[in-house]
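Novice: Contents of start-v8.cif (mmCIF, C-alpha atoms; chains and numbers go by the auth columns):
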```cif
data_final
loop_
_atom_site.group_PDB
_atom_site.id
_atom_site.type_symbol
_atom_site.label_atom_id
_atom_site.label_comp_id
_atom_site.label_asym_id
_atom_site.label_seq_id
_atom_site.Cartn_x
_atom_site.Cartn_y
_atom_site.Cartn_z
_atom_site.B_iso_or_equiv
_atom_site.auth_seq_id
_atom_site.auth_asym_id
ATOM 1 C CA MET A 1 90.138 95.593 0.250 0.00 1 A
ATOM 2 C CA GLU A 2 89.338 99.220 1.074 0.00 2 A
ATOM 3 C CA ILE A 3 89.948 101.402 4.126 0.00 3 A
ATOM 4 C CA ARG A 4 87.543 104.303 4.363 0.00 4 A
ATOM 5 C CA LYS A 5 87.008 107.163 6.778 0.00 5 A
ATOM 6 C CA ILE A 6 83.697 107.295 8.627 0.00 6 A
ATOM 7 C CA GLU A 7 82.492 110.888 8.872 0.00 7 A
ATOM 8 C CA ALA A 8 78.994 110.408 10.292 0.00 8 A
ATOM 9 C CA ASP A 9 76.935 107.844 12.208 0.00 9 A
ATOM 10 C CA LYS A 10 80.009 106.315 13.862 0.00 10 A
ATOM 11 C CA LYS A 11 77.773 104.521 16.357 0.00 11 A
ATOM 12 C CA LYS A 12 76.576 102.353 13.466 0.00 12 A
ATOM 13 C CA TYR A 13 79.742 100.352 14.216 0.00 13 A
ATOM 14 C CA LEU A 14 79.125 100.164 17.976 0.00 14 A
ATOM 15 C CA SER A 15 79.156 96.364 18.121 0.00 15 A
ATOM 16 C CA LEU A 16 82.648 96.379 16.613 0.00 16 A
ATOM 17 C CA LEU A 17 83.818 99.275 18.821 0.00 17 A
ATOM 18 C CA LEU A 18 82.646 97.375 21.901 0.00 18 A
ATOM 19 C CA LEU A 19 84.984 94.480 21.052 0.00 19 A
ATOM 20 C CA ALA A 20 87.928 96.740 21.928 0.00 20 A
ATOM 21 C CA ASP A 21 86.314 98.930 24.596 0.00 21 A
ATOM 22 C CA GLU A 22 83.413 97.175 26.243 0.00 22 A
ATOM 23 C CA GLN A 23 81.759 100.130 27.971 0.00 23 A
ATOM 24 C CA GLU A 24 79.806 102.485 25.707 0.00 24 A
ATOM 25 C CA ASP A 25 80.201 105.603 27.854 0.00 25 A
ATOM 26 C CA MET A 26 83.992 105.188 27.656 0.00 26 A
ATOM 27 C CA ILE A 27 83.726 105.114 23.843 0.00 27 A
ATOM 28 C CA ASP A 28 81.546 108.233 24.012 0.00 28 A
ATOM 29 C CA ARG A 29 84.444 110.102 25.662 0.00 29 A
ATOM 30 C CA TYR A 30 86.464 110.066 22.433 0.00 30 A
ATOM 31 C CA LEU A 31 84.368 108.952 19.465 0.00 31 A
ATOM 32 C CA GLU A 32 82.992 112.278 18.239 0.00 32 A
ATOM 33 C CA ARG A 33 86.366 114.078 18.418 0.00 33 A
ATOM 34 C CA ALA A 34 88.138 111.197 16.701 0.00 34 A
ATOM 35 C CA ASP A 35 88.895 110.066 13.177 0.00 35 A
ATOM 36 C CA MET A 36 87.385 106.637 12.503 0.00 36 A
ATOM 37 C CA TYR A 37 88.235 104.185 9.747 0.00 37 A
ATOM 38 C CA VAL A 38 86.802 100.841 8.712 0.00 38 A
ATOM 39 C CA LEU A 39 88.491 98.142 6.695 0.00 39 A
ATOM 40 C CA ASP A 40 86.117 96.565 4.200 0.00 40 A
ATOM 41 C CA ASP A 41 87.071 93.295 2.530 0.00 41 A
ATOM 42 C CA GLY A 42 83.817 91.813 1.269 0.00 42 A
ATOM 43 C CA GLY A 43 82.180 93.401 4.336 0.00 43 A
ATOM 44 C CA VAL A 44 83.478 95.435 7.267 0.00 44 A
ATOM 45 C CA ARG A 45 86.182 93.348 8.943 0.00 45 A
ATOM 46 C CA ALA A 46 87.849 95.862 11.275 0.00 46 A
ATOM 47 C CA GLU A 47 87.810 99.420 12.567 0.00 47 A
ATOM 48 C CA CYS A 48 90.132 101.877 14.244 0.00 48 A
ATOM 49 C CA VAL A 49 89.687 105.208 15.988 0.00 49 A
ATOM 50 C CA VAL A 50 92.468 107.792 16.472 0.00 50 A
ATOM 51 C CA THR A 51 92.585 111.081 18.383 0.00 51 A
ATOM 52 C CA ASP A 52 94.882 114.085 18.449 0.00 52 A
ATOM 53 C CA GLU A 53 96.227 114.214 22.008 0.00 53 A
ATOM 54 C CA GLY A 54 98.266 117.380 21.415 0.00 54 A
ATOM 55 C CA ASP A 55 102.021 117.950 21.371 0.00 55 A
ATOM 56 C CA GLY A 56 102.448 115.829 18.235 0.00 56 A
ATOM 57 C CA ILE A 57 100.846 112.721 19.778 0.00 57 A
ATOM 58 C CA LEU A 58 98.222 110.665 17.942 0.00 58 A
ATOM 59 C CA GLU A 59 96.478 108.018 20.028 0.00 59 A
ATOM 60 C CA LEU A 60 94.975 104.808 18.749 0.00 60 A
ATOM 61 C CA LYS A 61 91.907 104.719 20.996 0.00 61 A
ATOM 62 C CA ASN A 62 90.122 101.723 19.548 0.00 62 A
ATOM 63 C CA LEU A 63 91.169 98.918 17.212 0.00 63 A
ATOM 64 C CA ALA A 64 88.926 95.931 16.674 0.00 64 A
ATOM 65 C CA VAL A 65 88.708 93.076 14.208 0.00 65 A
ATOM 66 C CA CYS A 66 85.583 90.936 13.813 0.00 66 A
ATOM 67 C CA PRO A 67 86.139 87.645 15.630 0.00 67 A
ATOM 68 C CA ASP A 68 85.793 85.573 12.447 0.00 68 A
ATOM 69 C CA SER A 69 88.383 87.796 10.714 0.00 69 A
ATOM 70 C CA GLN A 70 91.062 87.842 13.407 0.00 70 A
ATOM 71 C CA GLY A 71 94.529 86.560 12.609 0.00 71 A
ATOM 72 C CA LYS A 72 94.318 87.617 8.958 0.00 72 A
ATOM 73 C CA GLY A 73 96.388 90.803 9.224 0.00 73 A
ATOM 74 C CA TYR A 74 93.533 93.309 9.236 0.00 74 A
ATOM 75 C CA GLY A 75 94.565 94.945 12.517 0.00 75 A
ATOM 76 C CA ARG A 76 98.147 95.273 11.345 0.00 76 A
ATOM 77 C CA GLN A 77 96.943 96.776 8.017 0.00 77 A
ATOM 78 C CA LEU A 78 94.945 99.423 9.877 0.00 78 A
ATOM 79 C CA ILE A 79 97.965 100.341 12.006 0.00 79 A
ATOM 80 C CA ARG A 80 100.134 100.692 8.876 0.00 80 A
ATOM 81 C CA PHE A 81 97.411 102.806 7.276 0.00 81 A
ATOM 82 C CA VAL A 82 97.343 105.113 10.327 0.00 82 A
ATOM 83 C CA GLU A 83 101.142 105.385 10.277 0.00 83 A
ATOM 84 C CA ASP A 84 101.156 106.318 6.586 0.00 84 A
ATOM 85 C CA THR A 85 98.208 108.702 6.856 0.00 85 A
ATOM 86 C CA TYR A 86 99.391 110.674 9.894 0.00 86 A
ATOM 87 C CA ARG A 87 103.208 110.545 9.847 0.00 87 A
ATOM 88 C CA ASP A 88 103.471 114.038 8.323 0.00 88 A
ATOM 89 C CA ARG A 89 101.298 115.600 11.065 0.00 89 A
ATOM 90 C CA PHE A 90 102.320 113.691 14.207 0.00 90 A
ATOM 91 C CA ARG A 91 105.616 112.528 15.673 0.00 91 A
ATOM 92 C CA VAL A 92 104.295 109.740 17.950 0.00 92 A
ATOM 93 C CA LEU A 93 101.557 107.135 17.684 0.00 93 A
ATOM 94 C CA GLN A 94 100.554 105.751 21.065 0.00 94 A
ATOM 95 C CA VAL A 95 98.090 103.152 22.242 0.00 95 A
ATOM 96 C CA GLY A 96 96.813 102.282 25.702 0.00 96 A
ATOM 97 C CA THR A 97 95.753 98.724 26.427 0.00 97 A
ATOM 98 C CA GLY A 98 95.345 96.277 29.246 0.00 98 A
ATOM 99 C CA ASP A 99 98.196 94.122 30.464 0.00 99 A
ATOM 100 C CA SER A 100 97.028 91.207 28.360 0.00 100 A
ATOM 101 C CA PRO A 101 98.929 88.381 26.704 0.00 101 A
ATOM 102 C CA ALA A 102 96.652 88.802 23.678 0.00 102 A
ATOM 103 C CA THR A 103 97.162 92.503 22.963 0.00 103 A
ATOM 104 C CA LEU A 104 100.621 93.527 24.196 0.00 104 A
ATOM 105 C CA PRO A 105 102.535 91.090 21.937 0.00 105 A
ATOM 106 C CA PHE A 106 100.399 92.161 18.967 0.00 106 A
ATOM 107 C CA TYR A 107 101.284 95.830 19.391 0.00 107 A
ATOM 108 C CA GLU A 108 104.941 95.029 20.013 0.00 108 A
ATOM 109 C CA LYS A 109 105.051 93.004 16.765 0.00 109 A
ATOM 110 C CA CYS A 110 103.587 96.051 15.002 0.00 110 A
ATOM 111 C CA GLY A 111 106.529 98.174 16.160 0.00 111 A
ATOM 112 C CA PHE A 112 105.262 99.710 19.391 0.00 112 A
ATOM 113 C CA HIS A 113 107.452 99.898 22.508 0.00 113 A
ATOM 114 C CA ARG A 114 106.269 100.152 26.112 0.00 114 A
ATOM 115 C CA SER A 115 106.116 103.723 27.331 0.00 115 A
ATOM 116 C CA HIS A 116 104.359 104.052 30.691 0.00 116 A
ATOM 117 C CA VAL A 117 101.602 102.623 32.885 0.00 117 A
ATOM 118 C CA VAL A 118 98.474 104.249 34.323 0.00 118 A
ATOM 119 C CA ARG A 119 97.839 102.344 37.534 0.00 119 A
ATOM 120 C CA ASN A 120 94.303 101.124 38.295 0.00 120 A
ATOM 121 C CA PHE A 121 92.870 102.626 35.102 0.00 121 A
ATOM 122 C CA PHE A 122 90.408 99.809 34.427 0.00 122 A
ATOM 123 C CA THR A 123 89.286 99.389 38.038 0.00 123 A
ATOM 124 C CA GLU A 124 88.737 103.128 38.499 0.00 124 A
ATOM 125 C CA ASN A 125 87.112 103.984 35.149 0.00 125 A
ATOM 126 C CA TYR A 126 84.888 101.018 34.310 0.00 126 A
ATOM 127 C CA ASP A 127 81.703 100.040 36.121 0.00 127 A
ATOM 128 C CA HIS A 128 82.550 96.328 36.015 0.00 128 A
ATOM 129 C CA PRO A 129 85.673 94.162 36.005 0.00 129 A
ATOM 130 C CA ILE A 130 87.215 93.700 32.558 0.00 130 A
ATOM 131 C CA TYR A 131 88.776 90.328 31.730 0.00 131 A
ATOM 132 C CA GLU A 132 90.924 89.350 28.794 0.00 132 A
ATOM 133 C CA CYS A 133 92.367 85.854 28.361 0.00 133 A
ATOM 134 C CA GLY A 134 91.058 84.997 31.829 0.00 134 A
ATOM 135 C CA LYS A 135 92.997 87.842 33.480 0.00 135 A
ATOM 136 C CA GLN A 136 91.386 90.878 35.093 0.00 136 A
ATOM 137 C CA LEU A 137 92.699 94.095 33.597 0.00 137 A
ATOM 138 C CA VAL A 138 93.766 96.630 36.210 0.00 138 A
ATOM 139 C CA ASP A 139 96.463 98.916 34.778 0.00 139 A
ATOM 140 C CA MET A 140 96.549 100.639 31.391 0.00 140 A
ATOM 141 C CA VAL A 141 99.824 99.963 29.601 0.00 141 A
ATOM 142 C CA TYR A 142 100.820 102.608 27.079 0.00 142 A
ATOM 143 C CA LEU A 143 102.964 101.755 24.084 0.00 143 A
ATOM 144 C CA LYS A 144 104.289 104.160 21.484 0.00 144 A
ATOM 145 C CA MET A 145 106.066 104.305 18.165 0.00 145 A
ATOM 146 C CA GLU A 146 107.863 107.185 16.532 0.00 146 A
ATOM 147 C CA LEU A 147 106.259 108.271 13.278 0.00 147 A
ATOM 148 C CA GLU A 148 109.047 109.101 10.878 0.00 148 A
ATOM 149 C CA ARG A 149 108.822 109.996 7.259 0.00 149 A
ATOM 150 C CA ARG A 150 110.081 107.200 5.074 0.00 150 A
ATOM 151 C CA LYS A 151 113.206 107.751 3.004 0.00 151 A
ATOM 152 C CA GLY A 152 112.417 109.473 -0.254 0.00 152 A
ATOM 153 C CA GLU A 153 109.432 111.356 1.126 0.00 153 A
ATOM 154 C CA ALA A 154 109.473 115.156 1.207 0.00 154 A
#
```
With the file now loaded, output its structure as C-alpha coordinates.

Specialist:
Amino acid sequence: MEIRKIEADKKKYLSLLLLADEQEDMIDRYLERADMYVLDDGGVRAECVVTDEGDGILELKNLAVCPDSQGKGYGRQLIRFVEDTYRDRFRVLQVGTGDSPATLPFYEKCGFHRSHVVRNFFTENYDHPIYECGKQLVDMVYLKMELERRKGEA
(Lines of atoms letter the chains of each structure in order from A and count residues from 1; the text may use other names and numbers.)
(Lines give C-alpha, C1' and ligand atoms only; values in the text may rest on other atoms or scores of the structure.)
Protein backbone atom coordinates (compact mmCIF):
# COMPACT_ATOMS: atom_id res chain seq x y z
CA MET A 1 0.00 0.00 0.00
CA GLU A 2 1.22 3.49 -0.89
CA ILE A 3 -0.16 6.98 -0.25
CA ARG A 4 1.09 9.53 -2.74
CA LYS A 5 0.57 13.23 -3.28
CA ILE A 6 -1.07 14.31 -6.54
CA GLU A 7 0.60 17.46 -7.85
CA ALA A 8 -1.01 17.78 -11.28
CA ASP A 9 -4.09 16.63 -13.19
CA LYS A 10 -6.17 16.26 -10.02
CA LYS A 11 -9.33 16.07 -12.12
CA LYS A 12 -8.11 12.67 -13.34
CA TYR A 13 -9.68 11.42 -10.09
CA LEU A 14 -12.97 13.28 -10.57
CA SER A 15 -15.13 10.15 -10.42
CA LEU A 16 -13.70 9.39 -6.98
CA LEU A 17 -13.95 13.03 -5.83
CA LEU A 18 -17.62 13.07 -6.84
CA LEU A 19 -18.35 10.19 -4.44
CA ALA A 20 -17.75 12.60 -1.54
CA ASP A 21 -18.89 15.86 -3.14
CA GLU A 22 -21.35 15.24 -5.93
CA GLN A 23 -21.30 18.65 -7.62
CA GLU A 24 -18.21 19.39 -9.72
CA ASP A 25 -18.33 23.18 -9.35
CA MET A 26 -18.22 22.76 -5.56
CA ILE A 27 -15.06 20.65 -5.95
CA ASP A 28 -13.62 23.35 -8.22
CA ARG A 29 -13.88 25.84 -5.33
CA TYR A 30 -11.09 24.09 -3.41
CA LEU A 31 -9.28 21.54 -5.57
CA GLU A 32 -6.52 23.67 -7.09
CA ARG A 33 -5.56 25.32 -3.77
CA ALA A 34 -5.58 21.98 -1.96
CA ASP A 35 -3.18 19.14 -1.29
CA MET A 36 -4.52 15.87 -2.71
CA TYR A 37 -3.48 12.33 -1.87
CA VAL A 38 -4.46 8.94 -3.23
CA LEU A 39 -4.14 5.60 -1.52
CA ASP A 40 -2.98 2.90 -3.92
CA ASP A 41 -3.29 -0.74 -2.92
CA GLY A 42 -3.17 -2.70 -6.16
CA GLY A 43 -4.97 0.27 -7.75
CA VAL A 44 -6.29 3.57 -6.42
CA ARG A 45 -8.71 2.74 -3.60
CA ALA A 46 -9.25 6.13 -1.94
CA GLU A 47 -8.43 9.82 -2.05
CA CYS A 48 -8.42 12.82 0.25
CA VAL A 49 -8.12 16.56 -0.25
CA VAL A 50 -7.02 19.03 2.46
CA THR A 51 -6.86 22.83 2.54
CA ASP A 52 -5.20 25.42 4.74
CA GLU A 53 -8.07 27.45 6.19
CA GLY A 54 -5.78 29.82 8.11
CA ASP A 55 -5.27 30.32 11.84
CA GLY A 56 -3.75 26.85 12.23
CA ILE A 57 -6.79 25.04 10.78
CA LEU A 58 -6.46 22.29 8.17
CA GLU A 59 -9.72 21.17 6.58
CA LEU A 60 -10.43 17.76 5.14
CA LYS A 61 -12.51 18.86 2.15
CA ASN A 62 -12.97 15.54 0.41
CA LEU A 63 -12.46 11.93 1.47
CA ALA A 64 -13.71 9.10 -0.69
CA VAL A 65 -13.18 5.37 -0.90
CA CYS A 66 -14.13 3.32 -3.96
CA PRO A 67 -17.40 1.53 -3.24
CA ASP A 68 -15.85 -1.93 -3.63
CA SER A 69 -13.08 -0.97 -1.17
CA GLN A 70 -15.21 0.54 1.60
CA GLY A 71 -15.07 -0.93 5.07
CA LYS A 72 -11.43 -2.01 4.71
CA GLY A 73 -9.86 0.84 6.69
CA TYR A 74 -8.65 2.94 3.75
CA GLY A 75 -10.49 6.09 4.84
CA ARG A 76 -9.17 5.77 8.37
CA GLN A 77 -5.61 5.24 7.01
CA LEU A 78 -5.84 8.45 4.99
CA ILE A 79 -7.01 10.40 8.05
CA ARG A 80 -4.09 9.03 10.10
CA PHE A 81 -1.73 9.93 7.26
CA VAL A 82 -3.06 13.51 7.22
CA GLU A 83 -2.71 13.75 11.01
CA ASP A 84 0.90 12.55 10.87
CA THR A 85 1.83 14.68 7.86
CA TYR A 86 0.38 17.99 9.08
CA ARG A 87 0.52 17.89 12.89
CA ASP A 88 3.69 20.02 12.99
CA ARG A 89 2.12 22.79 10.86
CA PHE A 90 -1.51 22.88 12.04
CA ARG A 91 -3.22 22.72 15.42
CA VAL A 92 -6.70 21.58 14.26
CA LEU A 93 -7.99 19.21 11.60
CA GLN A 94 -11.63 19.85 10.75
CA VAL A 95 -14.12 18.27 8.41
CA GLY A 96 -17.56 19.38 7.28
CA THR A 97 -20.13 16.76 6.35
CA GLY A 98 -23.84 16.21 6.12
CA ASP A 99 -25.89 15.07 9.07
CA SER A 100 -25.74 11.48 7.93
CA PRO A 101 -25.77 8.22 9.87
CA ALA A 102 -23.10 6.93 7.48
CA THR A 103 -20.49 9.67 7.85
CA LEU A 104 -20.82 11.23 11.31
CA PRO A 105 -20.14 7.98 13.23
CA PHE A 106 -17.16 7.26 10.96
CA TYR A 107 -15.51 10.59 11.75
CA GLU A 108 -16.30 10.29 15.44
CA LYS A 109 -14.64 6.83 15.51
CA CYS A 110 -11.59 8.44 13.90
CA GLY A 111 -11.30 10.88 16.81
CA PHE A 112 -13.25 13.90 15.60
CA HIS A 113 -15.68 15.76 17.88
CA ARG A 114 -18.63 17.90 16.81
CA SER A 115 -17.75 21.56 16.58
CA HIS A 116 -20.48 23.63 14.92
CA VAL A 117 -23.22 23.58 12.28
CA VAL A 118 -23.70 25.69 9.15
CA ARG A 119 -27.45 25.80 8.68
CA ASN A 120 -28.91 25.15 5.21
CA PHE A 121 -25.47 24.69 3.63
CA PHE A 122 -26.53 21.93 1.24
CA THR A 123 -29.84 23.50 0.25
CA GLU A 124 -28.25 26.90 -0.40
CA ASN A 125 -25.04 25.80 -2.16
CA TYR A 126 -26.02 22.83 -4.32
CA ASP A 127 -28.22 22.95 -7.41
CA HIS A 128 -30.08 19.77 -6.45
CA PRO A 129 -31.10 17.97 -3.26
CA ILE A 130 -28.37 15.74 -1.82
CA TYR A 131 -29.41 12.47 -0.18
CA GLU A 132 -27.37 10.08 1.91
CA CYS A 133 -28.81 6.92 3.44
CA GLY A 134 -32.26 8.05 2.28
CA LYS A 135 -32.03 11.35 4.18
CA GLN A 136 -31.84 14.76 2.52
CA LEU A 137 -28.79 16.68 3.68
CA VAL A 138 -29.59 20.24 4.75
CA ASP A 139 -27.03 21.42 7.33
CA MET A 140 -23.25 21.05 7.25
CA VAL A 141 -21.96 19.55 10.49
CA TYR A 142 -18.37 20.44 11.31
CA LEU A 143 -16.21 18.13 13.39
CA LYS A 144 -12.67 18.77 14.55
CA MET A 145 -9.72 17.13 16.21
CA GLU A 146 -6.71 18.69 17.86
CA LEU A 147 -3.46 17.85 16.12
CA GLU A 148 -0.87 17.28 18.80
CA ARG A 149 2.65 16.09 18.43
CA ARG A 150 3.05 12.57 19.71
CA LYS A 151 5.23 11.95 22.75
CA GLY A 152 8.86 11.64 21.80
CA GLU A 153 8.58 13.95 18.80
CA ALA A 154 10.55 17.19 18.72

Novice: Would you be able to write out as a PyMOL selection string which residues have an atom within 12 Å of (88.0, 96.2, 33.1) in the file's coordinates, counting only C-alpha atoms?

Specialist: chain A and resi 20-23+26+97-100+120-132+134-140

Novice: For the structure provided, state which residues fall under the PyMOL selection byres ((chain A and resi 58) around 12), and present them as a count of residues only.

Specialist: 34

Novice: Suppose you want the space between CA of Arg119 in chain A and CA of Tyr30 in chain A; what is it in Å?

Specialist: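 If I compute the distance from CA of Arg119 in chain A to CA of Tyr30 in chain A, I get 20.4 Å.
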
Novice: (86.9, 108.8, 7.5) in this file's frame - what residues fall within 10 Å of it? Use all atoms listed in the file and give the answer as a list of chain:residue names.

Specialist: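 So the residues meeting the distance criterion are A:Ile3, A:Arg4, A:Lys5, A:Ile6, A:Glu7, A:Ala8, A:Lys10, A:Ala34, A:Asp35, A:Met36, A:Tyr37, A:Val38, A:Val49.
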
Novice: In Å, with one decimal, what is the gap from CA of Lys11 in chain A to CA of Asp28 in chain A?

Specialist: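 Computing the Euclidean distance for CA of Lys11 in chain A and CA of Asp28 in chain A yields 9.3 Å.
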
Novice: Give the answer as one residue: which of A:Ala64, A:Ala102, A:Asp84, A:Val118 has the shortest atom-to-atom distance to Glu148 in chain A, using only C-alpha atoms?

Specialist: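 The closest residue to Glu148 in chain A is A:Asp84.
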
Novice: One decimal, in Å: what's the spacing between CA of Cys48 in chain A and CA of Cys133 in chain A?

Specialist: 21.5 Å

Novice: Quick one: of A:Lys109, A:Arg76, A:Lys12, A:Arg114, who's nearest to Val44 in chain A, counting all atoms listed in the file?

Specialist: A:Lys12

Novice: Counting only C-alpha atoms, figure out which residue out of A:Glu47, A:Glu24, A:Glu32, A:Asp41 gets nearest to Phe81 in chain A.

Specialist: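 When distances to Phe81 in chain A are compared using only C-alpha atoms, the smallest one comes from A:Glu47.
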
Novice: Near Gly43 in chain A, counting all atoms listed in the file, which residues have an atom at most 12 Å away, once you skip same-chain residues fewer than 3 positions from it, shown as number ranges by chain?

Specialist: A: 1-3, 38-40, 46-47, 65-66, 68-69

Novice: Set up a box along x, y and z of the file covering all listed atoms of range 118-127 of chain A, add 6 Å on every one of the six sides, and write the centre and edge lengths in Å to one decimal, as AutoDock Vina command-line options.

Specialist:
```
--center_x 90.1 --center_y 101.8 --center_z 36.4 --size_x 28.8 --size_y 16.9 --size_z 16.2
```

Novice: Return the single residue from A:Tyr13, A:Gly42, A:Cys110, A:Tyr142 that is closest to Gly73 in chain A, with distances computed using all atoms listed in the file.

Specialist: A:Cys110
